[in-house]
$ cat coords-v4.txt   # compact mmCIF, C-alpha atoms and all ligand atoms
# COMPACT_ATOMS: atom_id res chain seq x y z
CA MET A 1 -32.31 128.50 2.72
CA HIS A 2 -31.80 126.65 -0.55
CA GLY A 3 -31.91 129.50 -2.95
CA ILE A 4 -32.82 133.14 -2.96
CA SER A 5 -35.74 135.03 -4.37
CA ASP A 6 -35.47 137.08 -7.58
CA GLU A 7 -35.83 140.17 -5.44
CA MET A 8 -32.85 139.21 -3.30
CA GLN A 9 -30.83 138.31 -6.38
CA LYS A 10 -31.50 141.83 -7.66
CA GLN A 11 -30.49 143.28 -4.30
CA LEU A 12 -27.31 141.18 -4.42
CA GLU A 13 -26.39 142.54 -7.84
CA GLU A 14 -27.15 146.07 -6.75
CA ASN A 15 -25.01 145.68 -3.60
CA MET A 16 -22.12 144.40 -5.66
CA SER A 17 -22.45 147.20 -8.23
CA LYS A 18 -21.65 149.79 -5.53
CA ILE A 19 -18.24 148.31 -4.82
CA LYS A 20 -15.38 149.75 -6.84
CA HIS A 21 -12.86 146.94 -6.42
CA LYS A 22 -13.15 143.33 -5.30
CA ILE A 23 -10.22 141.18 -4.27
CA VAL A 24 -10.60 137.54 -3.29
CA VAL A 25 -8.01 135.80 -1.16
CA MET A 26 -7.81 132.08 -1.77
CA SER A 27 -5.65 129.04 -1.18
CA GLY A 28 -5.51 125.52 -2.54
CA LYS A 29 -5.71 124.13 0.99
CA GLY A 30 -6.42 125.16 4.57
CA GLY A 31 -4.11 126.49 7.23
CA VAL A 32 -1.69 128.41 5.01
CA GLY A 33 -2.54 131.84 6.44
CA LYS A 34 -5.30 132.90 4.05
CA SER A 35 -7.40 134.58 6.78
CA THR A 36 -4.30 136.26 8.22
CA VAL A 37 -3.42 137.66 4.81
CA SER A 38 -7.04 138.75 4.10
CA THR A 39 -7.34 140.52 7.44
CA ASN A 40 -4.05 142.34 7.07
CA ILE A 41 -4.78 143.36 3.47
CA ALA A 42 -8.19 144.73 4.45
CA PHE A 43 -6.83 146.51 7.51
CA GLY A 44 -3.90 147.88 5.48
CA LEU A 45 -6.23 149.20 2.77
CA ALA A 46 -8.35 150.90 5.45
CA MET A 47 -5.18 152.41 6.95
CA ALA A 48 -4.37 153.75 3.47
CA GLY A 49 -7.66 155.68 3.57
CA LYS A 50 -9.78 153.32 1.47
CA LYS A 51 -13.30 152.43 2.51
CA VAL A 52 -13.13 148.67 2.88
CA GLY A 53 -15.46 145.75 3.44
CA LEU A 54 -14.04 142.45 4.65
CA LEU A 55 -16.21 139.43 3.97
CA ASP A 56 -15.33 136.32 5.93
CA ALA A 57 -16.90 133.73 3.67
CA ASP A 58 -15.01 130.77 5.11
CA LEU A 59 -17.93 128.49 5.90
CA HIS A 60 -16.01 126.04 8.02
CA GLY A 61 -13.66 128.24 9.97
CA PRO A 62 -14.94 131.81 9.97
CA ASN A 63 -12.14 133.10 12.19
CA ILE A 64 -11.70 136.68 11.01
CA PRO A 65 -13.74 138.07 13.95
CA LEU A 66 -11.20 136.43 16.27
CA MET A 67 -8.36 138.12 14.38
CA LEU A 68 -10.10 141.47 14.70
CA GLY A 69 -10.99 141.09 18.37
CA ILE A 70 -14.73 140.98 17.73
CA GLU A 71 -15.33 137.29 18.29
CA GLY A 72 -18.76 136.50 19.64
CA THR A 73 -20.34 139.49 17.89
CA LYS A 74 -23.95 138.79 16.96
CA LEU A 75 -25.59 141.42 14.83
CA GLY A 76 -29.16 142.42 15.59
CA ASP A 77 -29.58 143.84 12.11
CA LEU A 78 -27.96 141.45 9.66
CA SER A 79 -28.17 143.93 6.82
CA LYS A 80 -25.52 146.16 8.39
CA PRO A 81 -21.87 145.13 8.46
CA PHE A 82 -19.98 145.46 11.73
CA GLN A 83 -17.94 148.67 11.73
CA VAL A 84 -14.42 147.97 13.03
CA ASN A 85 -13.05 151.48 12.55
CA LYS A 86 -13.72 154.56 10.44
CA ASN A 87 -12.90 152.79 7.18
CA LEU A 88 -13.32 149.09 7.85
CA PHE A 89 -16.55 147.07 7.85
CA VAL A 90 -16.79 143.33 8.43
CA VAL A 91 -19.30 140.59 7.83
CA SER A 92 -18.60 137.05 8.90
CA LEU A 93 -20.65 133.89 8.65
CA SER A 94 -19.94 133.55 12.36
CA PHE A 95 -22.30 136.51 12.97
CA TYR A 96 -25.05 134.17 11.80
CA MET A 97 -24.06 131.28 14.06
CA ARG A 98 -25.55 130.71 17.50
CA THR A 99 -22.22 130.23 19.25
CA SER A 100 -18.67 130.59 18.05
CA ASP A 101 -18.12 126.84 18.15
CA ASP A 102 -21.40 126.05 16.45
CA PRO A 103 -20.29 123.75 13.64
CA ILE A 104 -21.62 124.67 10.24
CA ILE A 105 -23.30 121.54 9.03
CA TRP A 106 -25.31 122.84 6.08
CA ARG A 107 -24.73 120.81 3.01
CA GLY A 108 -24.49 121.65 -0.68
CA PRO A 109 -27.44 123.77 -1.73
CA ALA A 110 -28.17 124.99 1.82
CA LYS A 111 -24.64 126.33 2.13
CA ILE A 112 -24.87 128.03 -1.21
CA GLY A 113 -28.24 129.51 -0.26
CA ALA A 114 -26.75 130.81 2.99
CA ILE A 115 -23.90 132.49 1.17
CA LYS A 116 -26.17 134.01 -1.43
CA GLN A 117 -28.49 135.22 1.30
CA MET A 118 -25.59 136.86 3.08
CA LEU A 119 -24.39 138.52 -0.12
CA GLY A 120 -27.90 139.70 -0.89
CA GLU A 121 -28.90 140.94 2.56
CA VAL A 122 -25.81 142.79 3.63
CA ILE A 123 -25.92 146.41 2.54
CA TRP A 124 -22.29 147.46 2.27
CA GLY A 125 -23.08 150.78 0.61
CA GLU A 126 -20.39 152.45 -1.46
CA LEU A 127 -17.00 150.78 -0.92
CA ASP A 128 -13.58 151.28 -2.46
CA TYR A 129 -12.66 147.66 -1.79
CA LEU A 130 -14.31 144.42 -0.80
CA VAL A 131 -11.80 141.82 0.37
CA VAL A 132 -13.25 138.31 0.44
CA ASP A 133 -11.70 135.49 2.46
CA LEU A 134 -12.86 132.47 0.47
CA PRO A 135 -13.16 128.98 1.97
CA PRO A 136 -9.97 126.97 1.34
CA GLY A 137 -9.75 124.77 -1.72
CA THR A 138 -11.17 125.12 -5.19
CA GLY A 139 -14.45 123.23 -4.86
CA ASP A 140 -18.09 124.22 -5.25
CA GLU A 141 -18.30 126.58 -2.30
CA PRO A 142 -15.53 129.00 -3.23
CA LEU A 143 -16.67 128.72 -6.83
CA THR A 144 -20.26 129.77 -6.06
CA ILE A 145 -19.12 132.67 -3.93
CA ALA A 146 -16.72 133.91 -6.59
CA GLN A 147 -19.45 133.63 -9.24
CA GLU A 148 -21.95 135.60 -7.17
CA LEU A 149 -19.56 138.49 -6.57
CA GLY A 150 -19.89 139.79 -10.12
CA LYS A 151 -16.80 141.29 -11.66
CA ILE A 152 -13.74 140.68 -9.49
CA ASP A 153 -10.55 142.72 -9.87
CA GLY A 154 -8.40 139.75 -9.03
CA SER A 155 -7.34 136.93 -6.77
CA VAL A 156 -4.50 136.74 -4.28
CA ILE A 157 -3.32 133.14 -3.94
CA VAL A 158 -1.77 132.27 -0.59
CA THR A 159 0.58 129.35 -0.42
CA THR A 160 3.53 128.05 1.61
CA PRO A 161 7.13 127.32 0.58
CA GLN A 162 6.86 123.52 0.29
CA ASP A 163 7.17 121.82 -3.11
CA VAL A 164 3.45 120.96 -3.02
CA ALA A 165 2.76 124.68 -3.31
CA ILE A 166 2.95 124.28 -7.07
CA LEU A 167 0.09 121.74 -7.06
CA ASP A 168 -2.11 123.88 -4.82
CA SER A 169 -1.35 127.07 -6.72
CA ARG A 170 -2.00 125.41 -10.06
CA LYS A 171 -5.52 124.53 -8.85
CA SER A 172 -6.07 128.11 -7.69
CA VAL A 173 -4.87 129.49 -11.04
CA LYS A 174 -7.25 127.13 -12.88
CA PHE A 175 -10.06 128.22 -10.57
CA SER A 176 -9.38 131.90 -11.26
CA THR A 177 -9.44 131.27 -14.99
CA LEU A 178 -12.70 129.36 -14.64
CA VAL A 179 -14.50 132.29 -13.03
CA ASN A 180 -12.80 134.69 -15.38
CA MET A 181 -10.95 136.63 -12.73
CA PRO A 182 -7.45 138.00 -13.18
CA ILE A 183 -4.76 136.73 -10.84
CA LEU A 184 -3.10 139.51 -8.89
CA GLY A 185 -0.37 137.17 -7.70
CA ILE A 186 0.91 134.65 -5.20
CA VAL A 187 1.84 135.31 -1.57
CA GLU A 188 4.34 132.82 -0.19
CA ASN A 189 3.48 132.74 3.50
CA MET A 190 5.43 131.21 6.38
CA SER A 191 8.46 131.72 4.22
CA GLY A 192 11.41 130.92 6.48
CA PHE A 193 12.03 131.96 10.05
CA VAL A 194 14.68 134.35 11.25
CA CYS A 195 15.82 133.41 14.77
CA PRO A 196 15.53 136.53 16.93
CA HIS A 197 18.52 135.39 19.01
CA CYS A 198 21.12 134.47 16.41
CA ASN A 199 19.54 136.11 13.33
CA LYS A 200 20.03 132.86 11.44
CA ARG A 201 17.40 132.03 8.86
CA ILE A 202 15.81 128.61 9.15
CA ASP A 203 13.63 127.37 6.29
CA ILE A 204 11.17 125.33 8.33
CA PHE A 205 8.95 124.54 5.33
CA LYS A 206 11.78 124.26 2.77
CA GLN A 207 12.28 127.16 0.41
CA GLY A 208 10.79 128.94 -2.54
CA GLY A 209 7.68 126.81 -3.32
CA GLY A 210 5.56 129.91 -3.92
CA GLU A 211 8.33 131.51 -5.94
CA LYS A 212 8.70 128.42 -8.13
CA ALA A 213 4.93 128.17 -8.54
CA ALA A 214 4.73 131.82 -9.59
CA LYS A 215 7.46 131.31 -12.20
CA GLU A 216 6.02 128.12 -13.60
CA LEU A 217 2.48 129.40 -13.72
CA GLY A 218 3.44 132.79 -15.14
CA VAL A 219 1.98 134.66 -12.18
CA GLU A 220 3.59 137.43 -10.15
CA LEU A 221 5.06 136.53 -6.77
CA LEU A 222 3.62 139.42 -4.76
CA THR A 223 5.65 138.84 -1.62
CA LYS A 224 7.13 136.37 0.84
CA ILE A 225 5.96 136.69 4.43
CA PRO A 226 8.29 134.99 6.92
CA MET A 227 7.13 132.89 9.87
CA THR A 228 6.69 135.58 12.48
CA PRO A 229 5.70 134.94 16.11
CA GLY A 230 4.14 138.44 16.21
CA ILE A 231 1.66 137.37 13.52
CA VAL A 232 0.37 134.53 15.71
CA HIS A 233 0.08 136.81 18.76
CA ALA A 234 -1.61 139.54 16.74
CA GLY A 235 -4.13 137.02 15.34
CA ASP A 236 -4.89 135.57 18.75
CA ASP A 237 -5.09 138.99 20.43
CA GLY A 238 -7.50 140.33 17.83
CA LYS A 239 -5.19 143.14 16.68
CA PRO A 240 -4.13 142.82 13.04
CA PHE A 241 -0.36 142.56 12.75
CA ILE A 242 -0.09 145.41 10.23
CA PHE A 243 -1.55 147.77 12.83
CA ASN A 244 0.66 149.17 15.58
CA ASN A 245 3.66 146.91 14.97
CA LYS A 246 7.10 147.73 13.62
CA GLY A 247 9.78 145.79 11.82
CA PRO A 248 10.57 144.27 8.43
CA GLU A 249 7.55 141.92 8.41
CA VAL A 250 5.16 144.84 8.89
CA GLU A 251 6.88 146.66 6.03
CA ILE A 252 6.42 143.54 3.88
CA MET A 253 2.67 143.60 4.60
CA LYS A 254 2.43 147.33 3.88
CA GLU A 255 4.30 146.90 0.60
CA LEU A 256 1.89 144.11 -0.31
CA VAL A 257 -1.06 146.43 0.28
CA ASN A 258 0.53 149.19 -1.83
CA LYS A 259 1.30 146.73 -4.60
CA LEU A 260 -2.31 145.59 -4.65
CA ILE A 261 -3.62 149.15 -4.75
CA ASN A 262 -1.33 149.92 -7.68
CA LYS A 263 -2.19 146.73 -9.53
CA VAL A 264 -5.93 146.98 -9.03
CA GLU A 265 -6.29 150.68 -9.65
CA ILE A 266 -3.89 150.79 -12.60
CA ASN A 267 -5.55 147.71 -14.11
CA LYS A 268 -8.89 149.42 -13.76
CA GLU A 269 -7.57 152.58 -15.41
CA ILE A 270 -6.20 150.59 -18.33
CA GLU A 271 -9.48 148.69 -18.58
CA ASN A 272 -11.44 151.96 -18.54
CA LYS A 273 -9.23 153.38 -21.28
CA GLU A 274 -9.73 150.23 -23.33
CA LYS A 275 -13.46 150.45 -22.75
CA GLU A 276 -13.39 154.10 -23.75
CA SER A 277 -11.58 153.25 -26.97
CA ASP A 278 -13.92 150.28 -27.53
CA LYS A 279 -16.76 152.67 -27.04
CA LYS A 280 -15.28 155.10 -29.54
CA MET A 281 -14.99 152.22 -31.96
CA GLY A 282 -18.61 151.44 -31.27
CA ASN A 283 -18.07 148.17 -29.39
CA ILE A 284 -19.58 149.11 -26.04
CA LEU A 285 -22.93 150.73 -25.68
CA LYS A 286 -24.00 152.73 -22.66
CA VAL A 287 -27.73 152.97 -22.10
CA ALA A 288 -29.03 155.39 -19.44
CA PHE A 289 -32.42 155.52 -17.69
CA PRO A 290 -33.64 158.07 -15.10
CA THR A 291 -35.02 156.44 -11.95
CA ASN A 292 -36.23 157.23 -8.47
CA ASP A 293 -36.59 153.70 -7.17
CA LYS A 294 -33.76 151.88 -9.00
CA THR A 295 -36.31 149.67 -10.75
CA ASN A 296 -38.68 151.77 -12.84
CA VAL A 297 -38.16 154.47 -15.44
CA GLU A 298 -38.76 157.89 -13.87
CA GLU A 299 -40.82 159.84 -16.31
CA HIS A 300 -39.72 163.20 -14.89
CA PHE A 301 -36.34 163.04 -16.57
CA GLY A 302 -34.94 166.33 -15.30
CA HIS A 303 -35.83 165.75 -11.67
CA CYS A 304 -34.89 162.15 -11.10
CA LYS A 305 -32.83 161.03 -8.11
CA GLU A 306 -30.32 159.14 -10.20
CA PHE A 307 -29.55 157.51 -13.50
CA VAL A 308 -28.80 153.88 -14.02
CA ILE A 309 -26.29 153.25 -16.80
CA PHE A 310 -25.92 149.83 -18.40
CA GLU A 311 -22.84 148.92 -20.38
CA ILE A 312 -23.62 146.51 -23.17
CA GLU A 313 -21.17 144.43 -25.11
CA ASP A 314 -22.28 141.86 -27.68
CA ALA A 315 -25.89 142.39 -26.55
CA LYS A 316 -24.95 141.41 -22.98
CA ILE A 317 -24.93 143.60 -19.88
CA ILE A 318 -21.35 143.80 -18.67
CA ASN A 319 -21.80 146.54 -16.09
CA LYS A 320 -24.56 148.43 -14.32
CA SER A 321 -23.92 151.56 -12.28
CA PHE A 322 -25.97 154.26 -10.63
CA VAL A 323 -24.92 157.90 -10.93
CA THR A 324 -26.38 160.92 -9.18
CA PRO A 325 -26.88 163.88 -11.49
CA PRO A 326 -25.94 167.46 -10.51
CA PRO A 327 -28.81 169.73 -9.40
CA HIS A 328 -31.28 170.34 -12.15
CA GLU A 329 -30.58 173.35 -14.35
CA PRO A 330 -31.41 173.69 -18.03
CA GLY A 331 -28.93 171.77 -20.17
CA VAL A 332 -26.88 170.40 -17.27
CA ILE A 333 -28.19 166.85 -17.28
CA PRO A 334 -27.78 166.13 -21.01
CA ARG A 335 -24.16 167.30 -20.73
CA PHE A 336 -23.67 165.25 -17.54
CA LEU A 337 -24.85 162.10 -19.31
CA GLY A 338 -22.57 162.95 -22.23
CA GLU A 339 -19.65 163.05 -19.78
CA GLN A 340 -20.71 159.63 -18.47
CA GLY A 341 -20.28 158.32 -22.01
CA ALA A 342 -23.98 157.51 -22.56
CA ASN A 343 -24.94 156.53 -26.11
CA VAL A 344 -28.69 156.27 -25.52
CA ILE A 345 -31.11 157.80 -23.03
CA ILE A 346 -34.45 156.10 -22.53
CA THR A 347 -37.09 158.07 -20.61
CA GLY A 348 -40.72 159.14 -20.46
CA GLY A 349 -40.39 162.50 -22.13
CA MET A 350 -38.26 165.65 -22.35
CA GLY A 351 -38.19 169.09 -23.89
CA GLN A 352 -36.89 169.80 -27.39
CA LYS A 353 -33.85 171.72 -26.14
CA ALA A 354 -32.66 168.73 -24.09
CA ILE A 355 -33.22 166.48 -27.10
CA ASP A 356 -31.10 168.83 -29.21
CA ILE A 357 -28.25 168.81 -26.69
CA PHE A 358 -28.33 165.01 -26.60
CA LYS A 359 -28.33 164.85 -30.39
CA SER A 360 -25.39 167.29 -30.59
CA GLN A 361 -23.45 164.76 -28.49
CA ASN A 362 -24.50 161.84 -30.71
CA ILE A 363 -26.71 160.44 -27.94
CA ASP A 364 -29.93 158.78 -29.10
CA VAL A 365 -33.13 159.68 -27.29
CA ILE A 366 -36.04 157.29 -26.84
CA LEU A 367 -39.18 158.81 -25.35
CA GLY A 368 -42.39 157.36 -24.01
CA ALA A 369 -40.82 154.64 -21.84
CA ARG A 370 -42.42 153.71 -18.54
CA GLY A 371 -42.41 150.85 -16.05
CA SER A 372 -39.62 148.36 -15.48
CA ILE A 373 -36.15 149.47 -16.57
CA GLU A 374 -35.01 145.90 -17.15
CA GLU A 375 -38.01 145.19 -19.38
CA ASN A 376 -37.40 148.36 -21.38
CA LEU A 377 -33.72 147.49 -21.74
CA LYS A 378 -34.56 143.97 -22.88
CA THR A 379 -36.96 145.32 -25.49
CA TYR A 380 -34.37 147.88 -26.59
CA LEU A 381 -31.69 145.20 -26.98
CA GLU A 382 -34.11 143.13 -29.04
CA GLY A 383 -34.38 146.15 -31.31
CA GLU A 384 -38.06 146.61 -30.48
CA LEU A 385 -38.11 149.78 -28.38
CA TYR A 386 -39.19 152.90 -30.24
CA SER A 387 -40.07 156.42 -29.17
CA THR A 388 -43.77 156.52 -28.50
CA ALA A 389 -43.86 160.18 -27.53
CA SER A 390 -42.66 163.46 -28.96
CA ALA A 391 -40.89 166.34 -27.23
CA CYS A 392 -42.76 168.21 -24.54
CA ASN A 393 -43.50 171.73 -25.48
CA HIS A 394 -42.09 173.65 -22.51
CA GLU A 395 -40.01 176.67 -23.47
CA HIS A 396 -38.26 177.21 -20.15
CA ASP A 397 -37.84 173.73 -18.83
CA GLU A 398 -36.07 171.73 -21.46
CA ASP A 399 -35.34 168.79 -19.15
CA HIS A 400 -38.94 168.59 -18.10
CA SER A 401 -40.81 165.43 -18.75
CA CYS A 402 -44.51 165.04 -19.28
CA ASN A 403 -46.51 161.93 -18.76
CA HIS A 404 -47.15 161.12 -22.34
N1 LIG B 501 3.51 134.30 8.53
C1 LIG B 501 3.05 133.72 9.61
N2 LIG B 501 3.85 133.51 10.67
C2 LIG B 501 3.42 132.89 11.77
N3 LIG B 501 2.18 132.44 11.92
C3 LIG B 501 1.32 132.62 10.91
C4 LIG B 501 1.70 133.27 9.69
N4 LIG B 501 0.62 133.29 8.89
C5 LIG B 501 -0.39 132.70 9.57
N5 LIG B 501 0.02 132.30 10.76
C6 LIG B 501 -0.74 131.58 11.79
O1 LIG B 501 -1.16 130.34 11.24
C7 LIG B 501 -2.44 129.99 11.72
C8 LIG B 501 -3.38 129.73 10.54
O2 LIG B 501 -3.57 130.95 9.85
P1 LIG B 501 -4.94 131.33 9.15
O3 LIG B 501 -6.09 131.04 10.04
O4 LIG B 501 -4.77 132.69 8.61
O5 LIG B 501 -4.90 130.26 7.98
P2 LIG B 501 -6.06 129.91 6.92
O6 LIG B 501 -5.34 129.49 5.67
O7 LIG B 501 -7.03 130.98 6.80
O8 LIG B 501 -6.71 128.67 7.62
P3 LIG B 501 -8.16 128.04 7.34
O9 LIG B 501 -8.00 127.26 6.11
O10 LIG B 501 -8.37 127.17 8.54
O11 LIG B 501 -9.14 129.14 7.22
C9 LIG B 501 -2.91 131.14 12.61
O12 LIG B 501 -2.64 130.83 13.94
C10 LIG B 501 -2.03 132.30 12.17
O13 LIG B 501 -1.78 133.24 13.23
$ encode --input "coords-v4.txt" --output "structure tokens"
Amino acid sequence: MHGISDEMQKQLEENMSKIKHKIVVMSGKGGVGKSTVSTNIAFGLAMAGKKVGLLDADLHGPNIPLMLGIEGTKLGDLSKPFQVNKNLFVVSLSFYMRTSDDPIIWRGPAKIGAIKQMLGEVIWGELDYLVVDLPPGTGDEPLTIAQELGKIDGSVIVTTPQDVAILDSRKSVKFSTLVNMPILGIVENMSGFVCPHCNKRIDIFKQGGGEKAAKELGVELLTKIPMTPGIVHAGDDGKPFIFNNKGPEVEIMKELVNKLINKVEINKEIENKEKESDKKMGNILKVAFPTNDKTNVEEHFGHCKEFVIFEIEDAKIINKSFVTPPPHEPGVIPRFLGEQGANVIITGGMGQKAIDIFKSQNIDVILGARGSIEENLKTYLEGELYSTASACNHEHDEDHSCNH
């Protein structure tokens, strides 16, 4: 299990491209409540109606199944995540272990291969969010996982209130910068304890480490979660704390989830607007191909199952997405691709009317393409792909494609 095949790498990228938002939860060291925070964020997002995947990628202590009450689960079909409820799906490295106390003793490359294999084999399908519980620390393992996830919306850094929080958080901030992922903010966990008998607050782990770290590092302090006995019971009983509990700590968790939704979705909107304006200024290129098998150019342009659209910036692919066109009717598909912002369509062939509609939207048409999409795209980006066919001559079926 040292590496993965090209085919699986492709599958991995395709899996990741179907996920709208990715959040990684990390911490500079173990035991600060990273898995607790990941589980409650994922459960909270699912409660808010989002379709969520929770990936327990903590190689050494994959304990999310325990927190969800599904410990001991062994999946027969490893490509399918475990469905916890209508909106929440989970995959844990523990599903791959023989027993729950089977120590994970893979080293270096084997570990990385195992993670890549898991990312490649699991078919999440379309998700609104993937929440990833990274292994603690900022070493090679979390780094590889973060790099394989593709574009990440941001990291949530979990820390505790001690002074050392600043050191741990600084490492996590550096890590986030290294993999080019935005930092959504810091969660100061185990932040004081309010005695249920006398209501007096006791700062067991000192005070404000996370807050200070956030200020010094110029990162938002997302929230402070107090030491709460209910959180321990919920974790041990396999029922996430955010679910079915009441009180200020639950409200804190719910506010955290709402904050993340706002941050991630607003960030994405801003990014999309920037991309749109970049595109208008000619900085981002969108290249579309019809396909039936996600790999090869479908020559029957008007009847393909879907289109793959690549976004290109500085001759590099920065995004790849699949879109399903509306049912075929004359003129509908060229307009649909115009709405998707396509600048170029590369296909086998099409009728003159479709070509005219594309041209009226300033979309270039390249005809005569066949075979591998990636190869065609590469040739196009090298400036070597030219139309090798002319319009099909079909009066009534402008989106028709012939096998030229
Ligand atoms: N705010 C809190 N109040 C009380 N207990 C908490 C709180 N947050 C986490 N815990 C408890 O602390 C313990 C460790 O939490 P958790 O497993 O989430 O930490 P972790 O950072 O993921 O650890 P690891 O590095 O081992 O994966 C658990 O028993 C959990 O229930």
$ closest_residue --input "coords-v4.txt" --among "A:Tyr380, A:Trp124, A:Phe243, A:Phe95" --to "Glu13 in chain A" --atoms "all atoms listed in the file"
A:Trp124
$ closest_atom_pairs --input "coords-v4.txt" --of "chain A" --to "ligand LIG 501 (chain B)" --cutoff "6 Å" --atoms "only C-alpha atoms and all ligand atoms" --output "Markdown table"
| residue | atom | partner | partner_atom | distance |
| --- | --- | --- | --- | --- |
| A:Gly30 | CA | B:LIG501 | O9 | 3.0 |
| A:Gly31 | CA | B:LIG501 | O8 | 3.4 |
| A:Val32 | CA | B:LIG501 | O6 | 3.9 |
| A:Gly33 | CA | B:LIG501 | O4 | 3.2 |
| A:Lys34 | CA | B:LIG501 | O7 | 3.8 |
| A:Ser35 | CA | B:LIG501 | O7 | 3.6 |
| A:Thr36 | CA | B:LIG501 | O4 | 3.6 |
| A:Gly61 | CA | B:LIG501 | O11 | 5.4 |
| A:Pro136 | CA | B:LIG501 | O9 | 5.2 |
| A:Asn189 | CA | B:LIG501 | N1 | 5.3 |
| A:Met190 | CA | B:LIG501 | N1 | 4.2 |
| A:Ile225 | CA | B:LIG501 | N1 | 5.3 |
| A:Pro226 | CA | B:LIG501 | N1 | 5.1 |
| A:Met227 | CA | B:LIG501 | N2 | 3.4 |
| A:Thr228 | CA | B:LIG501 | N2 | 4.0 |
| A:Pro229 | CA | B:LIG501 | C2 | 5.3 |
| A:Ile231 | CA | B:LIG501 | C2 | 5.1 |
| A:Val232 | CA | B:LIG501 | O13 | 3.5 |
| A:Gly235 | CA | B:LIG501 | O13 | 4.9 |
$ residues_near_point --input "coords-v4.txt" --point "(1.8, 138.9, -13.3)" --cutoff "7 Å" --atoms "only C-alpha atoms" --output "ChimeraX atom specification"
/A:184-185,218-220
$ atom_distance --input "coords-v4.txt" --atom1 "CA of Gly69 in chain A" --atom2 "CA of Ile115 in chain A"
23.2 Å
$ closest_residue --input "coords-v4.txt" --among "A:Phe193, A:Phe89, A:Phe289, A:Phe241" --to "Leu127 in chain A" --atoms "all atoms listed in the file"
A:Phe89
$ atom_distance --input "coords-v4.txt" --atom1 "CA of Asn267 in chain A" --atom2 "CA of Pro182 in chain A"
9.9 Å
$ closest_residue --input "coords-v4.txt" --among "A:Phe310, A:Lys174, A:Ile366, A:Ala315" --to "Gly341 in chain A" --atoms "all atoms listed in the file"
A:Phe310
$ atom_distance --input "coords-v4.txt" --atom1 "CA of Pro326 in chain A" --atom2 "CA of Ser79 in chain A"
29.3 Å
$ closest_residue --input "coords-v4.txt" --among "A:Gly49, A:Gly28, A:Pro240, A:Gly383" --to "Lys86 in chain A" --atoms "all atoms listed in the file"
A:Gly49
